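With TSV, C-alpha atoms and all ligand atoms inside, this is entry07.tsv:
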```
chain	number	residue	atom	x	y	z
R	1	MET	CA	81.94	33.76	11.82
R	2	ASN	CA	82.65	36.86	13.80
R	3	ALA	CA	82.72	37.55	17.49
R	4	SER	CA	79.63	39.74	17.58
R	5	SER	CA	77.26	36.90	16.79
R	6	VAL	CA	78.66	35.00	19.78
R	7	ALA	CA	78.91	37.84	22.24
R	8	ALA	CA	75.61	39.54	21.56
R	9	PRO	CA	73.14	37.28	19.80
R	10	SER	CA	70.11	39.26	20.92
R	11	ALA	CA	71.67	42.66	20.24
R	12	ASP	CA	72.04	41.89	16.53
R	13	ALA	CA	68.93	40.11	15.42
R	14	GLY	CA	69.77	40.18	11.73
R	15	GLN	CA	73.11	38.54	12.30
R	16	THR	CA	71.56	35.99	14.64
R	17	ARG	CA	68.89	35.03	12.13
R	18	SER	CA	71.32	34.43	9.31
R	19	PHE	CA	73.90	32.64	11.42
R	20	PRO	CA	72.19	31.38	14.59
R	21	THR	CA	74.22	30.42	17.64
R	22	ILE	CA	73.20	26.88	18.50
R	23	GLY	CA	74.45	25.30	21.71
R	24	VAL	CA	75.28	21.62	21.97
R	25	LEU	CA	74.87	20.29	25.48
R	26	ALA	CA	78.39	19.02	26.10
R	27	LEU	CA	78.15	16.91	29.23
R	28	GLN	CA	78.32	13.45	27.63
R	29	GLY	CA	77.54	11.81	24.29
R	30	ASP	CA	78.16	12.49	20.60
R	31	VAL	CA	78.74	16.22	20.97
R	32	ARG	CA	81.37	16.55	18.22
R	33	GLU	CA	79.13	14.97	15.58
R	34	HIS	CA	76.36	17.50	16.26
R	35	VAL	CA	78.85	20.39	16.26
R	36	ALA	CA	80.14	19.30	12.84
R	37	ALA	CA	76.65	18.82	11.40
R	38	LEU	CA	75.47	22.24	12.66
R	39	ALA	CA	78.56	23.98	11.30
R	40	HIS	CA	77.91	22.41	7.89
R	41	CYS	CA	74.36	23.73	7.97
R	42	GLY	CA	75.35	27.35	8.45
R	43	ALA	CA	74.90	27.64	12.19
R	44	HIS	CA	77.45	28.73	14.75
R	45	PRO	CA	77.73	25.80	17.17
R	46	VAL	CA	78.99	26.37	20.71
R	47	LEU	CA	79.45	23.97	23.62
R	48	VAL	CA	77.13	24.41	26.59
R	49	ARG	CA	78.25	23.21	30.01
R	50	ARG	CA	77.18	26.09	32.21
R	51	GLU	CA	74.28	28.41	32.69
R	52	SER	CA	76.21	31.43	31.37
R	53	GLU	CA	76.85	29.54	28.11
R	54	LEU	CA	73.20	28.52	27.85
R	55	ALA	CA	72.22	32.18	28.15
R	56	GLU	CA	74.20	32.99	24.96
R	57	VAL	CA	72.52	30.51	22.61
R	58	ASP	CA	69.50	30.85	20.33
R	59	ALA	CA	68.76	27.12	20.51
R	60	LEU	CA	70.07	23.92	22.10
R	61	VAL	CA	70.90	20.45	20.78
R	62	LEU	CA	70.80	17.52	23.20
R	63	PRO	CA	73.07	14.81	21.80
R	64	GLY	CA	72.82	11.05	21.81
R	65	GLY	CA	74.61	9.29	24.61
R	66	GLU	CA	73.27	7.89	27.85
R	67	SER	CA	70.24	9.72	29.14
R	68	THR	CA	70.54	8.81	32.83
R	69	THR	CA	74.19	9.93	32.83
R	70	ILE	CA	73.31	13.20	31.09
R	71	SER	CA	70.46	13.64	33.56
R	72	LYS	CA	72.86	13.29	36.51
R	73	LEU	CA	75.31	15.70	34.92
R	74	LEU	CA	72.57	18.24	34.18
R	75	ALA	CA	71.84	18.23	37.90
R	76	ALA	CA	75.52	18.33	38.90
R	77	PHE	CA	76.20	21.27	36.55
R	78	GLU	CA	73.06	23.06	37.83
R	79	LEU	CA	71.59	23.14	34.35
R	80	LEU	CA	68.28	21.31	34.87
R	81	GLU	CA	66.19	24.30	35.87
R	82	PRO	CA	67.91	26.76	33.50
R	83	VAL	CA	67.30	24.46	30.51
R	84	ARG	CA	63.68	23.86	31.59
R	85	ALA	CA	63.18	27.60	31.92
R	86	ARG	CA	64.56	28.30	28.44
R	87	LEU	CA	62.34	25.56	26.97
R	88	ARG	CA	59.29	27.04	28.71
R	89	ALA	CA	60.24	30.42	27.26
R	90	GLY	CA	60.21	28.93	23.74
R	91	MET	CA	63.87	28.17	23.01
R	92	PRO	CA	64.11	25.84	19.99
R	93	ALA	CA	65.71	22.49	20.78
R	94	PHE	CA	66.61	19.27	19.03
R	95	GLY	CA	67.33	16.00	20.78
R	96	SER	CA	68.61	12.79	19.21
R	97	CYS	CA	68.18	9.44	21.00
R	98	ALA	CA	69.26	10.16	24.61
R	99	GLY	CA	68.37	13.77	23.77
R	100	MET	CA	64.85	12.66	22.82
R	101	ILE	CA	64.53	10.87	26.17
R	102	LEU	CA	65.63	14.03	27.99
R	103	LEU	CA	63.11	16.17	26.09
R	104	ALA	CA	60.17	13.93	27.06
R	105	SER	CA	57.51	14.78	29.62
R	106	GLU	CA	57.35	11.14	30.74
R	107	VAL	CA	59.95	8.35	30.42
R	108	LEU	CA	59.31	4.61	30.76
R	109	ASP	CA	61.99	2.03	31.64
R	110	THR	CA	64.42	4.53	33.05
R	111	ARG	CA	65.97	4.89	36.49
R	112	PRO	CA	63.58	6.21	39.12
R	113	ASP	CA	65.87	9.14	39.87
R	114	ALA	CA	66.34	10.18	36.21
R	115	GLU	CA	65.20	13.71	35.41
R	116	HIS	CA	63.71	14.93	32.16
R	117	LEU	CA	63.01	18.34	30.69
R	118	SER	CA	59.41	18.21	29.40
R	119	GLY	CA	60.21	20.03	26.17
R	120	ILE	CA	57.66	17.89	24.28
R	121	ASP	CA	54.39	16.49	25.61
R	122	MET	CA	55.22	12.83	24.98
R	123	THR	CA	55.86	9.52	26.70
R	124	VAL	CA	59.11	7.90	25.59
R	125	ARG	CA	60.19	4.33	26.27
R	126	ARG	CA	63.92	4.05	26.77
R	127	ASN	CA	65.82	1.16	25.08
R	128	ALA	CA	62.50	0.27	23.49
R	129	PHE	CA	63.61	-1.84	20.56
R	130	GLY	CA	64.87	-4.71	22.70
R	131	ARG	CA	67.88	-6.92	22.23
R	132	GLN	CA	67.04	-8.43	18.83
R	133	VAL	CA	67.08	-5.10	17.02
R	134	ASP	CA	68.54	-2.80	19.64
R	135	SER	CA	70.84	-1.31	16.98
R	136	PHE	CA	69.92	-1.14	13.31
R	137	GLU	CA	69.71	1.13	10.28
R	138	THR	CA	66.78	1.79	8.00
R	139	ASP	CA	65.53	4.24	5.37
R	140	LEU	CA	62.90	6.38	6.98
R	141	PRO	CA	60.32	8.58	5.25
R	142	PHE	CA	60.45	11.87	7.20
R	143	ALA	CA	57.65	14.46	6.98
R	144	GLY	CA	58.74	17.75	5.46
R	145	LEU	CA	62.06	16.52	4.08
R	146	GLU	CA	62.51	16.36	0.34
R	147	ASP	CA	64.69	14.04	-1.74
R	148	GLY	CA	63.56	10.73	-0.29
R	149	PRO	CA	63.84	8.90	3.01
R	150	VAL	CA	66.58	9.64	5.54
R	151	ARG	CA	69.12	7.00	6.48
R	152	ALA	CA	68.38	6.43	10.15
R	153	VAL	CA	70.83	4.85	12.58
R	154	PHE	CA	69.24	3.50	15.78
R	155	ILE	CA	71.55	2.66	18.70
R	156	ARG	CA	69.74	1.30	21.78
R	157	ALA	CA	67.11	3.78	20.80
R	158	PRO	CA	63.90	4.91	22.46
R	159	TRP	CA	60.52	5.19	20.77
R	160	VAL	CA	57.57	7.44	21.49
R	161	GLU	CA	54.53	5.70	22.99
R	162	ARG	CA	52.22	8.68	23.45
R	163	VAL	CA	52.08	12.17	22.00
R	164	GLY	CA	49.99	15.01	23.35
R	165	ASN	CA	47.86	17.45	21.39
R	166	GLY	CA	50.01	19.74	19.33
R	167	VAL	CA	52.77	17.20	18.78
R	168	ASP	CA	53.40	16.34	15.12
R	169	VAL	CA	54.65	12.87	14.25
R	170	LEU	CA	57.44	13.29	11.67
R	171	ALA	CA	58.49	9.66	11.21
R	172	THR	CA	57.46	6.13	12.10
R	173	VAL	CA	59.33	2.86	11.57
R	174	PRO	CA	58.28	1.71	8.06
R	175	ASN	CA	58.57	-2.05	8.47
R	176	GLY	CA	59.86	-4.94	10.57
R	177	PRO	CA	58.90	-5.88	14.14
R	178	ALA	CA	58.64	-2.25	15.26
R	179	ALA	CA	56.60	-1.06	12.24
R	180	GLY	CA	54.48	1.96	13.07
R	181	ARG	CA	56.46	3.03	16.13
R	182	ILE	CA	56.94	6.78	16.38
R	183	VAL	CA	60.61	7.79	16.05
R	184	ALA	CA	60.55	11.52	15.20
R	185	VAL	CA	58.32	14.27	16.57
R	186	ARG	CA	57.99	18.01	16.71
R	187	GLN	CA	56.09	20.27	19.09
R	188	GLY	CA	56.44	23.93	18.19
R	189	ASN	CA	60.15	24.58	17.90
R	190	VAL	CA	61.26	21.43	19.69
R	191	VAL	CA	62.23	18.41	17.59
R	192	ALA	CA	63.29	14.94	18.68
R	193	THR	CA	64.47	11.83	16.85
R	194	SER	CA	65.05	8.31	18.20
R	195	PHE	CA	67.90	7.96	15.74
R	196	HIS	CA	71.16	9.81	15.09
R	197	PRO	CA	71.11	12.09	12.02
R	198	GLU	CA	74.45	13.46	13.24
R	199	VAL	CA	76.31	10.27	12.32
R	200	THR	CA	75.19	9.61	8.75
R	201	GLY	CA	76.37	12.63	6.76
R	202	ASP	CA	72.74	13.22	5.69
R	203	LEU	CA	72.33	16.73	7.04
R	204	ARG	CA	68.67	17.31	6.17
R	205	VAL	CA	67.35	17.00	9.73
R	206	HIS	CA	69.97	19.44	11.05
R	207	ARG	CA	69.28	21.78	8.12
R	208	MET	CA	65.56	21.69	8.92
R	209	PHE	CA	66.38	22.50	12.55
R	210	VAL	CA	68.69	25.39	11.64
R	211	GLU	CA	65.93	26.79	9.38
R	212	LEU	CA	63.46	26.46	12.24
R	213	VAL	CA	65.85	28.36	14.55
R	214	ARG	CA	66.28	31.09	11.93
R	215	ALA	CA	62.51	31.44	11.63
R	216	ALA	CA	61.93	31.44	15.42
R	301	LIG	N1	69.89	3.96	25.46
R	301	LIG	C1	70.41	5.26	25.68
R	301	LIG	C2	69.77	5.95	26.87
R	301	LIG	O1	69.05	5.40	27.57
R	301	LIG	C3	70.25	6.16	24.46
R	301	LIG	C4	71.13	5.63	23.35
R	301	LIG	C5	71.67	6.66	22.42
R	301	LIG	O2	71.62	7.87	22.66
R	301	LIG	N2	72.26	6.17	21.38
R	301	LIG	O3	70.03	7.09	27.10
```
Rewrite the coordinates I just gave you, this time as structure tokens.
Amino acid sequence: MNASSVAAPSADAGQTRSFPTIGVLALQGDVREHVAALAHCGAHPVLVRRESELAEVDALVLPGGESTTISKLLAAFELLEPVRARLRAGMPAFGSCAGMILLASEVLDTRPDAEHLSGIDMTVRRNAFGRQVDSFETDLPFAGLEDGPVRAVFIRAPWVERVGNGVDVLATVPNGPAAGRIVAVRQGNVVATSFHPEVTGDLRVHRMFVELVRAA
């Protein structure tokens, strides 16, 4: 890592492409886990808490945590409109769990004052799995990833109830009471998972995202 890729990502496109600067929204949630996963995948992770930091990144990760809390903090840190503007302009993004909720265009079972970012044309139901299975792990076939299913950890996770045109479904729950529910999606350069690839040590989802950022 050298300073130039941090200070001037757009002034040195070659450097940026090989070693993209990926922000992790660092207001609440499992920020450190995403930072570690991104670093392992050959990205340069940086924390984003202010608009000036957002302006420096090639892409943004929205961590797992508590979506209504992150929503409030996005407003308090005056980041809601800047993040929406970057998403509209095509910035790649990846959200896990609470991050998926934040990336939705419509959210069910949330607080009436919760904000979202409309990075993906989808309706997401918060805390969808209910008490019986509100936290669980499973092996999940994931479109585009080689070497078998990913180990997926769900913690009071959402699922996707509707996807718009142009949204690819990457994974659905393979079996059990929630079989068939959509838990990973992609629209353009924006990816979201109901589960937490940042906590398992299986880096394939992060690697796929870093590749996507490089190609963007
Ligand atoms: N249930 C949480 C929410 O509503 C998400 C849980 C998570 O990110 N692990 O934001």
Chain R residues near ligand LIG 301 (chain R) within 7 Å, closest pair each, using all atoms listed in the file, as JSON lines:
```
{"residue": "R:Gly64", "atom": "CA", "partner": "R:LIG301", "partner_atom": "O2", "distance": 3.5}
{"residue": "R:Gly65", "atom": "CA", "partner": "R:LIG301", "partner_atom": "O2", "distance": 3.8}
{"residue": "R:Glu66", "atom": "CA", "partner": "R:LIG301", "partner_atom": "O3", "distance": 3.4}
{"residue": "R:Ser67", "atom": "CA", "partner": "R:LIG301", "partner_atom": "O3", "distance": 3.3}
{"residue": "R:Thr68", "atom": "CA", "partner": "R:LIG301", "partner_atom": "O3", "distance": 6.0}
{"residue": "R:Ser96", "atom": "CA", "partner": "R:LIG301", "partner_atom": "O2", "distance": 6.7}
{"residue": "R:Cys97", "atom": "CA", "partner": "R:LIG301", "partner_atom": "O2", "distance": 4.1}
{"residue": "R:Ala98", "atom": "CA", "partner": "R:LIG301", "partner_atom": "O2", "distance": 3.8}
{"residue": "R:Gly99", "atom": "CA", "partner": "R:LIG301", "partner_atom": "O2", "distance": 6.8}
{"residue": "R:Ile101", "atom": "CA", "partner": "R:LIG301", "partner_atom": "O3", "distance": 6.7}
{"residue": "R:Arg126", "atom": "CA", "partner": "R:LIG301", "partner_atom": "O1", "distance": 5.4}
{"residue": "R:Asn127", "atom": "CA", "partner": "R:LIG301", "partner_atom": "N1", "distance": 5.0}
{"residue": "R:Phe154", "atom": "CA", "partner": "R:LIG301", "partner_atom": "N2", "distance": 6.9}
{"residue": "R:Ile155", "atom": "CA", "partner": "R:LIG301", "partner_atom": "N2", "distance": 4.5}
{"residue": "R:Arg156", "atom": "CA", "partner": "R:LIG301", "partner_atom": "N1", "distance": 4.5}
{"residue": "R:Ala157", "atom": "CA", "partner": "R:LIG301", "partner_atom": "C4", "distance": 5.1}
{"residue": "R:Pro158", "atom": "CA", "partner": "R:LIG301", "partner_atom": "N1", "distance": 6.8}
```
Identify, on the basis of all atoms listed in the file, every residue whose closest approach to R:Ala192 does not exceed 7 Å; exclude the query and any residue fewer than 2 positions from it along the same chain; express the result as an mmCIF file with C-alpha atoms, keeping the file's coordinate frame.
```cif
data_model
loop_
_atom_site.group_PDB
_atom_site.id
_atom_site.type_symbol
_atom_site.label_atom_id
_atom_site.label_comp_id
_atom_site.auth_asym_id
_atom_site.auth_seq_id
_atom_site.Cartn_x
_atom_site.Cartn_y
_atom_site.Cartn_z
ATOM 1 C CA PHE R 94 66.610 19.270 19.030
ATOM 2 C CA GLY R 95 67.330 16.000 20.780
ATOM 3 C CA SER R 96 68.610 12.790 19.210
ATOM 4 C CA MET R 100 64.850 12.660 22.820
ATOM 5 C CA ALA R 184 60.550 11.520 15.200
ATOM 6 C CA VAL R 185 58.320 14.270 16.570
ATOM 7 C CA ARG R 186 57.990 18.010 16.710
ATOM 8 C CA VAL R 190 61.260 21.430 19.690
ATOM 9 C CA SER R 194 65.050 8.310 18.200
#
```
Could you work out how far atom CA of R:Arg32 lies from atom CA of R:Arg131, giving the answer in Å with one decimal?
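Atom CA of R:Arg131 sits 27.4 Å away from atom CA of R:Arg32.
Near stretch 37-41 of chain R, within 7 Å and counting only C-alpha atoms, sit Glu33, His34, His44, Pro45, Glu198, Leu203, His206, Arg207 and Val210 of chain R; same-chain residues fewer than 3 positions away were not included.
Pairwise distance (atom CA of R:Ala93, atom CA of R:Pro63) equals 10.7 Å.
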Given all atoms listed in the file as the basis, pick out the residue of R:Val183, R:Ala178, R:Ile22, R:Val150 nearest to R:Val124.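 With all atoms listed in the file as the atom set, the closest residue is R:Val183.
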Final N, CA and C atoms of stretch 67-78 of chain R as a PDB file, keeping the file's coordinate frame:
```
ATOM      1  N   SER R  67      71.134   8.691  28.581  1.00  0.00           N
ATOM      2  CA  SER R  67      70.240   9.720  29.140  1.00  0.00           C
ATOM      3  C   SER R  67      70.325   9.830  30.658  1.00  0.00           C
ATOM      4  N   THR R  68      70.510   8.707  31.361  1.00  0.00           N
ATOM      5  CA  THR R  68      70.540   8.810  32.830  1.00  0.00           C
ATOM      6  C   THR R  68      71.843   9.486  33.275  1.00  0.00           C
ATOM      7  N   THR R  69      72.916   9.251  32.527  1.00  0.00           N
ATOM      8  CA  THR R  69      74.190   9.930  32.830  1.00  0.00           C
ATOM      9  C   THR R  69      74.060  11.427  32.564  1.00  0.00           C
ATOM     10  N   ILE R  70      73.489  11.774  31.410  1.00  0.00           N
ATOM     11  CA  ILE R  70      73.310  13.200  31.090  1.00  0.00           C
ATOM     12  C   ILE R  70      72.393  13.857  32.120  1.00  0.00           C
ATOM     13  N   SER R  71      71.368  13.125  32.537  1.00  0.00           N
ATOM     14  CA  SER R  71      70.460  13.640  33.560  1.00  0.00           C
ATOM     15  C   SER R  71      71.216  13.983  34.845  1.00  0.00           C
ATOM     16  N   LYS R  72      72.060  13.053  35.283  1.00  0.00           N
ATOM     17  CA  LYS R  72      72.860  13.290  36.510  1.00  0.00           C
ATOM     18  C   LYS R  72      73.765  14.496  36.338  1.00  0.00           C
ATOM     19  N   LEU R  73      74.384  14.590  35.144  1.00  0.00           N
ATOM     20  CA  LEU R  73      75.310  15.700  34.920  1.00  0.00           C
ATOM     21  C   LEU R  73      74.574  17.029  34.804  1.00  0.00           C
ATOM     22  N   LEU R  74      73.373  17.007  34.222  1.00  0.00           N
ATOM     23  CA  LEU R  74      72.570  18.240  34.180  1.00  0.00           C
ATOM     24  C   LEU R  74      72.322  18.756  35.596  1.00  0.00           C
ATOM     25  N   ALA R  75      72.052  17.823  36.502  1.00  0.00           N
ATOM     26  CA  ALA R  75      71.840  18.230  37.900  1.00  0.00           C
ATOM     27  C   ALA R  75      73.143  18.724  38.509  1.00  0.00           C
ATOM     28  N   ALA R  76      74.231  17.969  38.293  1.00  0.00           N
ATOM     29  CA  ALA R  76      75.520  18.330  38.900  1.00  0.00           C
ATOM     30  C   ALA R  76      76.027  19.683  38.399  1.00  0.00           C
ATOM     31  N   PHE R  77      75.745  20.001  37.135  1.00  0.00           N
ATOM     32  CA  PHE R  77      76.200  21.270  36.550  1.00  0.00           C
ATOM     33  C   PHE R  77      75.145  22.376  36.725  1.00  0.00           C
ATOM     34  N   GLU R  78      74.120  22.075  37.523  1.00  0.00           N
ATOM     35  CA  GLU R  78      73.060  23.060  37.830  1.00  0.00           C
ATOM     36  C   GLU R  78      72.434  23.631  36.565  1.00  0.00           C
TER      37      GLU R  78
END
```
